[in-house]
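A.B. asks: Contents of input_15.txt (compact mmCIF, C-alpha atoms and all ligand atoms):
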# COMPACT_ATOMS: atom_id res chain seq x y z
CA MET B 1 -8.36 -20.83 32.19
CA ASN B 2 -6.06 -19.17 34.68
CA VAL B 3 -2.84 -21.19 35.04
CA PHE B 4 -1.31 -20.97 38.49
CA GLY B 5 -1.82 -24.63 39.51
CA GLY B 6 0.11 -26.83 41.91
CA SER B 7 -1.41 -28.59 44.87
CA TRP B 8 -0.58 -25.62 47.12
CA THR B 9 -3.35 -23.77 45.26
CA ASP B 10 -5.84 -26.25 46.62
CA GLN B 11 -4.39 -26.12 50.17
CA LYS B 12 -4.56 -22.33 50.22
CA LEU B 13 -8.14 -22.30 48.99
CA GLU B 14 -9.21 -25.01 51.44
CA ILE B 15 -7.80 -22.89 54.27
CA VAL B 16 -9.64 -19.77 53.12
CA VAL B 17 -12.91 -21.64 52.62
CA GLU B 18 -12.67 -23.32 56.04
CA TYR B 19 -11.88 -20.01 57.72
CA THR B 20 -14.72 -18.27 55.86
CA LYS B 21 -17.25 -20.84 57.07
CA ALA B 22 -16.07 -20.37 60.66
CA TYR B 23 -16.21 -16.59 60.21
CA LEU B 24 -19.76 -16.73 58.83
CA GLU B 25 -20.83 -19.05 61.67
CA ILE B 26 -19.74 -16.40 64.18
CA MET B 27 -21.41 -13.66 62.14
CA LYS B 28 -24.66 -15.63 61.72
CA SER B 29 -26.28 -14.03 64.74
CA ARG B 30 -24.65 -10.61 64.31
CA ARG B 31 -26.88 -9.22 61.63
CA TYR B 32 -26.29 -5.62 62.74
CA TRP B 33 -23.04 -5.60 60.72
CA LYS B 34 -22.87 -5.59 56.95
CA LEU B 35 -20.42 -8.25 55.81
CA LEU B 36 -18.19 -7.50 52.85
CA TYR B 37 -15.97 -10.05 51.14
CA PHE B 38 -13.07 -8.41 49.27
CA ASP B 39 -10.94 -10.44 46.85
CA GLY B 40 -8.07 -8.32 45.52
CA PHE B 41 -6.61 -10.76 42.97
CA ALA B 42 -9.73 -12.58 41.92
CA GLY B 43 -8.64 -14.42 38.75
CA SER B 44 -11.02 -15.83 36.16
CA GLY B 45 -13.04 -18.23 38.31
CA LYS B 46 -10.92 -21.27 37.51
CA THR B 47 -7.46 -21.57 38.89
CA GLY B 48 -5.11 -23.99 37.18
CA LYS B 49 -4.78 -27.72 37.11
CA GLU B 50 -3.86 -30.09 39.85
CA LYS B 51 -2.34 -33.42 38.96
CA ILE B 52 -4.29 -36.24 40.58
CA SER B 53 -2.31 -39.26 39.41
CA GLU B 54 -0.52 -40.58 36.30
CA GLU B 55 -3.64 -42.52 35.31
CA LYS B 56 -6.33 -40.02 36.15
CA GLY B 57 -4.53 -36.91 34.85
CA SER B 58 -5.45 -33.57 36.33
CA LYS B 59 -8.48 -31.68 37.57
CA ILE B 60 -9.25 -28.00 37.16
CA ILE B 61 -9.62 -26.28 40.50
CA GLU B 62 -12.55 -23.94 41.08
CA GLY B 63 -11.14 -20.54 42.04
CA ALA B 64 -11.68 -18.84 45.40
CA ALA B 65 -14.26 -16.38 44.07
CA LYS B 66 -16.75 -19.09 43.16
CA ARG B 67 -15.97 -21.24 46.18
CA ILE B 68 -16.67 -18.36 48.52
CA LEU B 69 -19.82 -17.38 46.62
CA ALA B 70 -21.05 -20.97 46.93
CA ILE B 71 -21.15 -20.74 50.74
CA ASN B 72 -24.76 -20.12 51.80
CA ASP B 73 -24.74 -21.99 55.05
CA PRO B 74 -24.40 -20.70 57.82
CA ARG B 75 -25.02 -17.47 55.88
CA SER B 76 -23.71 -15.40 52.95
CA PHE B 77 -21.86 -12.12 52.91
CA ASP B 78 -24.01 -9.06 52.16
CA GLN B 79 -21.62 -7.84 49.49
CA TYR B 80 -18.87 -9.40 47.39
CA TYR B 81 -16.23 -7.25 45.74
CA PHE B 82 -13.78 -8.83 43.29
CA VAL B 83 -10.80 -7.00 41.79
CA GLU B 84 -8.88 -8.32 38.81
CA LYS B 85 -6.42 -6.50 36.57
CA ASN B 86 -6.69 -8.72 33.51
CA LYS B 87 -9.80 -7.66 31.55
CA LYS B 88 -10.24 -11.09 29.97
CA PHE B 89 -10.35 -12.67 33.41
CA VAL B 90 -12.78 -9.99 34.58
CA ASN B 91 -15.18 -10.90 31.78
CA LYS B 92 -14.82 -14.62 32.42
CA LEU B 93 -15.45 -14.19 36.12
CA ARG B 94 -18.49 -11.98 35.48
CA GLU B 95 -19.96 -14.50 33.04
CA SER B 96 -19.29 -17.37 35.34
CA ILE B 97 -20.89 -15.62 38.34
CA ASP B 98 -23.91 -14.66 36.23
CA THR B 99 -24.35 -18.27 35.16
CA ASP B 100 -23.78 -20.00 38.48
CA PHE B 101 -24.99 -17.48 41.04
CA HIS B 102 -27.76 -15.49 39.34
CA PHE B 103 -30.15 -16.76 42.03
CA LYS B 104 -28.04 -15.34 44.85
CA LYS B 105 -29.74 -12.17 46.01
CA VAL B 106 -26.65 -10.33 47.17
CA SER B 107 -24.60 -7.52 45.73
CA THR B 108 -21.69 -8.85 43.66
CA THR B 109 -19.23 -6.53 41.95
CA VAL B 110 -16.35 -7.53 39.68
CA VAL B 111 -14.10 -4.61 38.81
CA SER B 112 -11.16 -4.33 36.50
CA GLY B 113 -8.33 -2.57 38.30
CA ASP B 114 -5.30 -2.65 40.53
CA CYS B 115 -5.78 -4.19 43.97
CA ASN B 116 -3.51 -1.54 45.51
CA GLU B 117 -5.84 1.25 44.45
CA LYS B 118 -8.95 -0.63 45.51
CA LEU B 119 -7.53 -1.37 48.95
CA LYS B 120 -6.93 2.33 49.44
CA ASP B 121 -10.48 3.09 48.29
CA MET B 122 -11.80 0.48 50.69
CA ALA B 123 -9.76 1.93 53.57
CA ALA B 124 -11.28 5.35 52.89
CA PHE B 125 -14.75 3.81 52.74
CA LEU B 126 -14.27 1.88 56.00
CA SER B 127 -12.86 4.90 57.81
CA TYR B 128 -16.15 6.60 57.02
CA ARG B 129 -18.60 3.66 57.34
CA GLY B 130 -16.44 1.63 59.74
CA PRO B 131 -18.84 0.77 62.55
CA ASP B 132 -21.40 -0.71 60.15
CA TYR B 133 -19.05 -2.98 58.21
CA LYS B 134 -16.91 -6.07 58.76
CA VAL B 135 -14.61 -7.14 55.95
CA LEU B 136 -12.99 -10.43 55.14
CA ALA B 137 -10.28 -9.96 52.51
CA PHE B 138 -8.34 -12.48 50.45
CA ILE B 139 -5.15 -11.23 48.84
CA ASP B 140 -3.79 -13.85 46.46
CA PRO B 141 -1.26 -12.32 44.07
CA CYS B 142 0.93 -14.36 41.75
CA GLY B 143 3.96 -12.15 42.44
CA MET B 144 5.03 -9.05 44.34
CA GLN B 145 2.16 -6.83 43.16
CA LEU B 146 0.90 -5.92 46.64
CA LYS B 147 2.57 -2.77 47.92
CA TRP B 148 3.24 -2.34 51.61
CA GLU B 149 1.49 1.06 51.64
CA SER B 150 -1.74 -0.67 50.55
CA ILE B 151 -1.65 -2.86 53.66
CA GLU B 152 -0.54 -0.06 55.95
CA CYS B 153 -3.60 2.04 55.15
CA LEU B 154 -5.82 -0.67 56.70
CA LYS B 155 -4.52 -0.07 60.23
CA GLY B 156 -7.28 0.07 62.83
CA LEU B 157 -10.07 -1.00 60.45
CA SER B 158 -12.51 -3.89 60.87
CA ILE B 159 -10.85 -6.24 58.50
CA ASP B 160 -9.57 -9.80 58.60
CA MET B 161 -7.09 -10.33 55.80
CA TRP B 162 -5.57 -13.50 54.38
CA ILE B 163 -2.40 -12.64 52.48
CA LEU B 164 -0.25 -14.78 50.26
CA VAL B 165 3.29 -13.43 50.58
CA PRO B 166 5.82 -14.50 47.93
CA LEU B 167 8.93 -14.39 50.07
CA GLY B 168 10.71 -17.37 48.51
CA MET B 169 9.19 -16.96 45.08
CA GLY B 170 9.63 -13.18 44.95
CA VAL B 171 11.69 -11.38 47.59
CA ASN B 172 14.45 -13.97 47.96
CA ARG B 173 15.02 -14.08 44.21
CA LEU B 174 15.62 -10.34 44.09
CA LEU B 175 18.14 -10.48 46.93
CA LYS B 176 21.27 -11.15 44.87
CA LYS B 177 24.05 -13.10 46.61
CA ASP B 178 26.67 -10.36 46.19
CA GLY B 179 24.28 -7.57 47.21
CA ASN B 180 24.48 -6.06 43.77
CA ILE B 181 20.76 -5.39 43.40
CA SER B 182 19.67 -3.33 40.40
CA ASP B 183 17.77 -0.07 41.03
CA SER B 184 14.53 -1.49 39.65
CA TRP B 185 14.73 -4.62 41.84
CA MET B 186 15.57 -2.51 44.90
CA LYS B 187 12.57 -0.29 44.16
CA LYS B 188 10.37 -3.39 43.93
CA LEU B 189 11.70 -4.65 47.27
CA GLN B 190 11.18 -1.25 48.88
CA GLU B 191 7.59 -0.99 47.66
CA PHE B 192 6.81 -4.54 48.69
CA LEU B 193 8.39 -4.47 52.15
CA GLY B 194 7.84 -0.79 52.89
CA LEU B 195 11.49 -0.44 53.90
CA SER B 196 14.37 1.78 52.80
CA SER B 197 17.28 0.29 50.84
CA PHE B 198 19.42 0.70 53.98
CA GLU B 199 16.91 -1.30 56.07
CA ILE B 200 16.74 -4.00 53.40
CA LYS B 201 20.54 -4.31 53.26
CA ASP B 202 20.71 -4.39 57.03
CA ALA B 203 18.10 -7.16 57.28
CA PHE B 204 19.46 -9.48 54.59
CA TYR B 205 23.20 -8.80 54.18
CA GLU B 206 26.31 -8.85 56.32
CA ASP B 207 29.94 -7.94 55.86
CA GLN B 208 32.43 -10.77 55.68
CA PRO B 209 36.23 -10.48 55.63
CA VAL B 210 37.64 -11.04 52.17
CA LEU B 211 40.68 -12.92 53.53
CA PRO B 212 39.59 -14.34 56.89
CA LEU B 213 43.20 -14.83 58.05
CA PHE B 214 44.50 -11.29 57.67
CA GLY B 215 41.74 -9.19 56.40
CA LYS B 216 40.32 -5.94 57.49
CA GLU B 217 38.84 -5.71 54.06
CA THR B 218 35.24 -6.91 53.88
CA LYS B 219 32.66 -7.65 51.25
CA GLU B 220 28.90 -7.65 51.45
CA VAL B 221 27.26 -11.09 51.30
CA LYS B 222 23.74 -12.35 51.63
CA LYS B 223 22.93 -13.87 55.03
CA GLU B 224 21.94 -17.52 55.43
CA LYS B 225 18.23 -18.39 55.70
CA THR B 226 16.96 -15.21 54.10
CA ILE B 227 13.51 -16.69 53.46
CA GLU B 228 13.10 -17.33 57.19
CA ILE B 229 14.42 -13.82 57.95
CA ALA B 230 11.95 -12.37 55.44
CA GLY B 231 9.12 -14.40 57.01
CA GLU B 232 9.82 -13.05 60.50
CA LEU B 233 10.30 -9.53 59.21
CA TYR B 234 7.08 -9.47 57.20
CA ARG B 235 5.08 -10.91 60.10
CA LYS B 236 6.56 -8.31 62.43
CA ARG B 237 5.61 -5.58 59.94
CA LEU B 238 2.07 -6.96 59.76
CA LYS B 239 1.86 -6.73 63.55
CA ASN B 240 2.25 -2.97 63.21
CA VAL B 241 -0.94 -2.91 61.14
CA PHE B 242 -3.03 -5.67 62.73
CA LYS B 243 -3.20 -6.39 66.47
CA TYR B 244 -2.92 -10.12 65.82
CA VAL B 245 -1.21 -12.08 63.06
CA SER B 246 -1.45 -15.84 62.58
CA LYS B 247 1.49 -18.13 62.19
CA PRO B 248 2.29 -18.64 58.52
CA PHE B 249 1.19 -21.64 56.50
CA LEU B 250 4.22 -22.46 54.38
CA LEU B 251 3.71 -23.32 50.73
CA GLU B 252 6.68 -25.31 49.47
CA ASN B 253 7.73 -26.62 46.08
CA LYS B 254 8.56 -30.28 45.44
CA LYS B 255 12.12 -29.74 46.69
CA HIS B 256 10.72 -28.36 49.97
CA ASN B 257 11.86 -24.83 49.26
CA ILE B 258 9.48 -22.29 50.79
CA MET B 259 7.80 -20.35 48.01
CA TYR B 260 5.02 -18.49 49.84
CA HIS B 261 3.90 -17.65 53.35
CA PHE B 262 0.14 -17.58 53.80
CA LEU B 263 -1.19 -15.84 56.89
CA LEU B 264 -4.04 -13.91 58.45
CA GLY B 265 -3.96 -10.45 60.01
CA SER B 266 -6.85 -9.26 62.18
CA ASN B 267 -7.67 -6.98 65.07
CA ASN B 268 -9.64 -9.81 66.62
CA ARG B 269 -7.86 -12.36 68.80
CA THR B 270 -10.43 -15.11 68.18
CA ALA B 271 -10.07 -14.70 64.41
CA VAL B 272 -6.36 -15.42 64.63
CA LYS B 273 -6.89 -18.33 67.01
CA ILE B 274 -9.25 -19.93 64.48
CA ALA B 275 -6.77 -19.26 61.65
CA ASN B 276 -3.94 -20.86 63.66
CA ASP B 277 -6.06 -23.95 64.36
CA ILE B 278 -6.79 -24.33 60.64
CA ILE B 279 -3.14 -23.73 59.70
CA ASN B 280 -1.96 -26.31 62.27
CA LYS B 281 -4.43 -28.84 60.92
CA TRP B 282 -3.29 -28.30 57.33
CA SER B 283 0.40 -28.29 58.26
CA ARG B 284 -0.06 -31.69 59.96
CA LYS B 285 -2.01 -32.96 56.96
CA ILE B 286 0.73 -32.22 54.45
CA GLY B 287 3.44 -33.39 56.90
C1 LIG B 301 -2.88 -16.22 41.71
S1 LIG B 301 -4.02 -15.46 40.64
C2 LIG B 301 -5.47 -15.41 41.59
C3 LIG B 301 -6.21 -16.70 41.66
C4 LIG B 301 -7.54 -16.54 42.38
N1 LIG B 301 -7.39 -16.11 43.76
C5 LIG B 301 -8.32 -17.83 42.33
O1 LIG B 301 -8.52 -18.47 43.39
O2 LIG B 301 -8.74 -18.21 41.23
C6 LIG B 301 -3.56 -13.77 40.62
C7 LIG B 301 -4.43 -12.88 39.76
O3 LIG B 301 -4.12 -11.52 40.03
C8 LIG B 301 -4.24 -10.77 38.83
N2 LIG B 301 -3.45 -9.53 39.06
C9 LIG B 301 -2.13 -9.31 38.86
N3 LIG B 301 -1.78 -8.09 39.28
C10 LIG B 301 -2.90 -7.51 39.80
C11 LIG B 301 -3.18 -6.27 40.44
N4 LIG B 301 -2.22 -5.36 40.64
N5 LIG B 301 -4.44 -6.03 40.88
C12 LIG B 301 -5.42 -6.96 40.69
N6 LIG B 301 -5.21 -8.15 40.09
C13 LIG B 301 -3.98 -8.42 39.65
C14 LIG B 301 -3.72 -11.71 37.76
O4 LIG B 301 -4.25 -11.38 36.50
C15 LIG B 301 -4.23 -13.07 38.27
O5 LIG B 301 -5.47 -13.39 37.70
Step by step, read the file and then write its structure as structure tokens.

C.D. replies:
Amino acid sequence: MNVFGGSWTDQKLEIVVEYTKAYLEIMKSRRYWKLLYFDGFAGSGKTGKEKISEEKGSKIIEGAAKRILAINDPRSFDQYYFVEKNKKFVNKLRESIDTDFHFKKVSTTVVSGDCNEKLKDMAAFLSYRGPDYKVLAFIDPCGMQLKWESIECLKGLSIDMWILVPLGMGVNRLLKKDGNISDSWMKKLQEFLGLSSFEIKDAFYEDQPVLPLFGKETKEVKKEKTIEIAGELYRKRLKNVFKYVSKPFLLENKKHNIMYHFLLGSNNRTAVKIANDIINKWSRKIG
């Protein structure tokens, strides 16, 4: 079993499944396009445990891969492409798809590899076969594995992409209070945000006087509300790649700290309107 539980797992998957059904409803009559579902961090097929109650214990949540494959109505995708780095999970997912979906007469591929590489391969493929294909992608990493350059290469392509962005869980934790960020953490931030170290410092740090009464001397300190700053910044960056970007669905821990932003990028206005409606509904639901 893949252990990344928490009830936000279920919320995120419900949003993707609801969006996918709406997407397939629109595509039902548009058979001239081949529909490809791309899952870049596919997991093993099962995704952690969610606690139901003290008495009832917990339930294992079916992962996105199998939930998306289970959608036949209004239609299926023509091709499903799952990427997973962990070979054990790859084997489990393959077995599980063979068992549960052997009847489904569509092309299903599970590959062992790095999502970053596969996104670049897909971008090259779509640049060549673009007019024939529409892609719905789900990018669900557990950390900061997705590099900005892998998103950037999708600019102008026919792709709707749900992305889980670990801004509280990942980025904010690397932004040390005193600005003393190690080289390896700075490299990680640069790769993830696609920004230079100067741009990162400028976005998240400010100079404060050491002795406010007299001082000309200053020290670098982390700004307030850096998760919110990171959220705005990442969304703005996404808008350079996709024409439209949804509002984020915020995944919080029990103390109401924002851990992840979950949002959709698309070149289609209607796609983002549908995503926003679903996000609003789920935001109201969890209060
Ligand atoms: C949060 S889990 C995905 C859960 C999955 N979406 C589901 O619904 O079951 C993230 C997965 O990404 C895999 N992973 C980590 N780094 C990766 C990479 N660079 N490329 C592809 N998969 C990766 C991990 O092994 C893990 O199974």

A.B. asks: For each of B:Glu152, B:Glu206, B:Glu117, B:Asp277, take the minimum atom-to-atom distance to ligand LIG 301 (chain B), counting all atoms listed in the file, then give the residue where this is smallest.

C.D. replies: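 Selected residue with least distance to ligand LIG 301 (chain B): B:Glu117.
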
A.B. asks: To check your reading of the model: which residues sit at most 6 Å from ligand LIG 301 (chain B) when counting only C-alpha atoms and all ligand atoms? Write the answer as an MDAnalysis selection string.

C.D. replies: chainID B and resid 4 40:43 45:47 63:64 83:86 113:115 140:142 145

A.B. asks: Take the residues from that selection and put them in a file with C-alpha atoms, as a compact mmCIF listing (two decimals), keeping the file's coordinate frame.

C.D. replies:
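The file below, again.txt, is the result:
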# COMPACT_ATOMS: atom_id res chain seq x y z
CA PHE B 4 -1.31 -20.97 38.49
CA GLY B 40 -8.07 -8.32 45.52
CA PHE B 41 -6.61 -10.76 42.97
CA ALA B 42 -9.73 -12.58 41.92
CA GLY B 43 -8.64 -14.42 38.75
CA GLY B 45 -13.04 -18.23 38.31
CA LYS B 46 -10.92 -21.27 37.51
CA THR B 47 -7.46 -21.57 38.89
CA GLY B 63 -11.14 -20.54 42.04
CA ALA B 64 -11.68 -18.84 45.40
CA VAL B 83 -10.80 -7.00 41.79
CA GLU B 84 -8.88 -8.32 38.81
CA LYS B 85 -6.42 -6.50 36.57
CA ASN B 86 -6.69 -8.72 33.51
CA GLY B 113 -8.33 -2.57 38.30
CA ASP B 114 -5.30 -2.65 40.53
CA CYS B 115 -5.78 -4.19 43.97
CA ASP B 140 -3.79 -13.85 46.46
CA PRO B 141 -1.26 -12.32 44.07
CA CYS B 142 0.93 -14.36 41.75
CA GLN B 145 2.16 -6.83 43.16

A.B. asks: Have a look at CA of Leu36 (chain B) and CA of Phe77 (chain B) and let me know their distance in Å, one decimal.

C.D. replies: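 Computing it gives 5.9 Å between the two atoms.
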
A.B. asks: Within 10 Å of Tyr32 (chain B), counting only C-alpha atoms, which residues qualify if same-chain residues fewer than 4 places away don't, as an MDAnalysis selection string?

C.D. replies: chainID B and resid 27 131:133

A.B. asks: Between B:Phe198, B:Met169, B:His256, B:Leu263, single out the one closest to Gly287 (chain B), counting all atoms listed in the file.

C.D. replies: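 With all atoms listed in the file as the atom set, the closest residue is B:His256.
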
A.B. asks: Report the distance between CA of Pro248 (chain B) and CA of Phe262 (chain B) in Å, rounded to one decimal place.

C.D. replies: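 Separation between CA of Pro248 (chain B) and CA of Phe262 (chain B): 5.3 Å.
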
A.B. asks: Using Å and a single decimal, report how far CA of Asp183 (chain B) sits from CA of Lys216 (chain B).

C.D. replies: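 About the pair CA of Lys216 (chain B) and CA of Asp183 (chain B): they are 28.5 Å apart.
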
A.B. asks: Considering all atoms listed in the file, can you say which of B:Lys247, B:Lys236, B:Lys118, B:Lys105 comes closest to Phe82 (chain B)?

C.D. replies: B:Lys118

A.B. asks: Just write region 105-129 of chain B with N, CA, C and O atoms, as a short mmCIF file (atom, residue, chain, number, x, y, z; two decimals), in the first residue's frame, taken from the block above.

C.D. replies:
data_model
loop_
_atom_site.label_atom_id
_atom_site.label_comp_id
_atom_site.auth_asym_id
_atom_site.auth_seq_id
_atom_site.Cartn_x
_atom_site.Cartn_y
_atom_site.Cartn_z
N LYS B 105 -11.33 -2.01 -23.35
CA LYS B 105 -10.60 -2.13 -24.63
C LYS B 105 -9.97 -0.79 -25.01
O LYS B 105 -10.32 -0.17 -26.00
N VAL B 106 -9.09 -0.34 -24.16
CA VAL B 106 -8.37 0.91 -24.47
C VAL B 106 -6.89 0.68 -24.19
O VAL B 106 -6.52 -0.27 -23.50
N SER B 107 -6.08 1.59 -24.69
CA SER B 107 -4.65 1.43 -24.51
C SER B 107 -4.23 1.99 -23.14
O SER B 107 -4.46 3.17 -22.85
N THR B 108 -3.65 1.13 -22.32
CA THR B 108 -3.23 1.55 -20.98
C THR B 108 -1.74 1.24 -20.81
O THR B 108 -1.33 0.09 -20.97
N THR B 109 -0.96 2.26 -20.49
CA THR B 109 0.48 2.06 -20.34
C THR B 109 0.90 2.50 -18.94
O THR B 109 0.53 3.60 -18.50
N VAL B 110 1.65 1.66 -18.26
CA VAL B 110 2.23 2.05 -16.96
C VAL B 110 3.73 2.01 -17.13
O VAL B 110 4.30 0.94 -17.41
N VAL B 111 4.40 3.14 -17.01
CA VAL B 111 5.86 3.14 -17.20
C VAL B 111 6.56 3.52 -15.91
O VAL B 111 6.07 4.31 -15.11
N SER B 112 7.75 2.94 -15.77
CA SER B 112 8.59 3.28 -14.63
C SER B 112 9.51 4.41 -15.09
O SER B 112 10.24 4.27 -16.07
N GLY B 113 9.45 5.54 -14.42
CA GLY B 113 10.31 6.65 -14.85
C GLY B 113 10.03 7.91 -14.07
O GLY B 113 9.26 7.91 -13.11
N ASP B 114 10.68 8.96 -14.52
CA ASP B 114 10.57 10.27 -13.87
C ASP B 114 9.55 11.12 -14.63
O ASP B 114 9.68 11.30 -15.85
N CYS B 115 8.58 11.62 -13.92
CA CYS B 115 7.51 12.42 -14.54
C CYS B 115 8.09 13.58 -15.36
O CYS B 115 7.56 13.91 -16.43
N ASN B 116 9.17 14.18 -14.87
CA ASN B 116 9.75 15.33 -15.58
C ASN B 116 10.16 14.96 -17.00
O ASN B 116 9.90 15.70 -17.96
N GLU B 117 10.78 13.79 -17.12
CA GLU B 117 11.22 13.33 -18.45
C GLU B 117 10.02 13.03 -19.33
O GLU B 117 9.98 13.36 -20.51
N LYS B 118 9.02 12.37 -18.72
CA LYS B 118 7.85 11.96 -19.52
C LYS B 118 7.02 13.16 -19.97
O LYS B 118 6.42 13.14 -21.03
N LEU B 119 7.00 14.21 -19.15
CA LEU B 119 6.28 15.42 -19.58
C LEU B 119 6.97 16.03 -20.79
O LEU B 119 6.31 16.50 -21.73
N LYS B 120 8.29 16.01 -20.76
CA LYS B 120 9.02 16.57 -21.91
C LYS B 120 8.76 15.73 -23.16
O LYS B 120 8.54 16.25 -24.25
N ASP B 121 8.77 14.40 -22.98
CA ASP B 121 8.48 13.51 -24.12
C ASP B 121 7.07 13.79 -24.65
O ASP B 121 6.85 13.83 -25.86
N MET B 122 6.14 13.98 -23.71
CA MET B 122 4.76 14.22 -24.15
C MET B 122 4.66 15.55 -24.90
O MET B 122 3.95 15.65 -25.91
N ALA B 123 5.38 16.56 -24.41
CA ALA B 123 5.35 17.87 -25.08
C ALA B 123 5.85 17.74 -26.51
O ALA B 123 5.26 18.30 -27.44
N ALA B 124 6.92 16.95 -26.69
CA ALA B 124 7.47 16.75 -28.04
C ALA B 124 6.44 16.03 -28.91
O ALA B 124 6.20 16.40 -30.07
N PHE B 125 5.79 15.04 -28.33
CA PHE B 125 4.78 14.27 -29.05
C PHE B 125 3.61 15.16 -29.47
O PHE B 125 3.15 15.14 -30.61
N LEU B 126 3.15 16.00 -28.52
CA LEU B 126 1.99 16.85 -28.81
C LEU B 126 2.33 17.96 -29.80
O LEU B 126 1.48 18.37 -30.59
N SER B 127 3.57 18.42 -29.78
CA SER B 127 3.96 19.45 -30.74
C SER B 127 3.84 18.90 -32.15
O SER B 127 3.55 19.63 -33.10
N TYR B 128 4.06 17.60 -32.27
CA TYR B 128 4.04 16.94 -33.56
C TYR B 128 2.62 16.49 -33.94
O TYR B 128 2.15 16.74 -35.03
N ARG B 129 1.93 15.86 -32.95
CA ARG B 129 0.58 15.31 -33.21
C ARG B 129 -0.54 16.20 -32.68
O ARG B 129 -1.70 15.79 -32.63
#
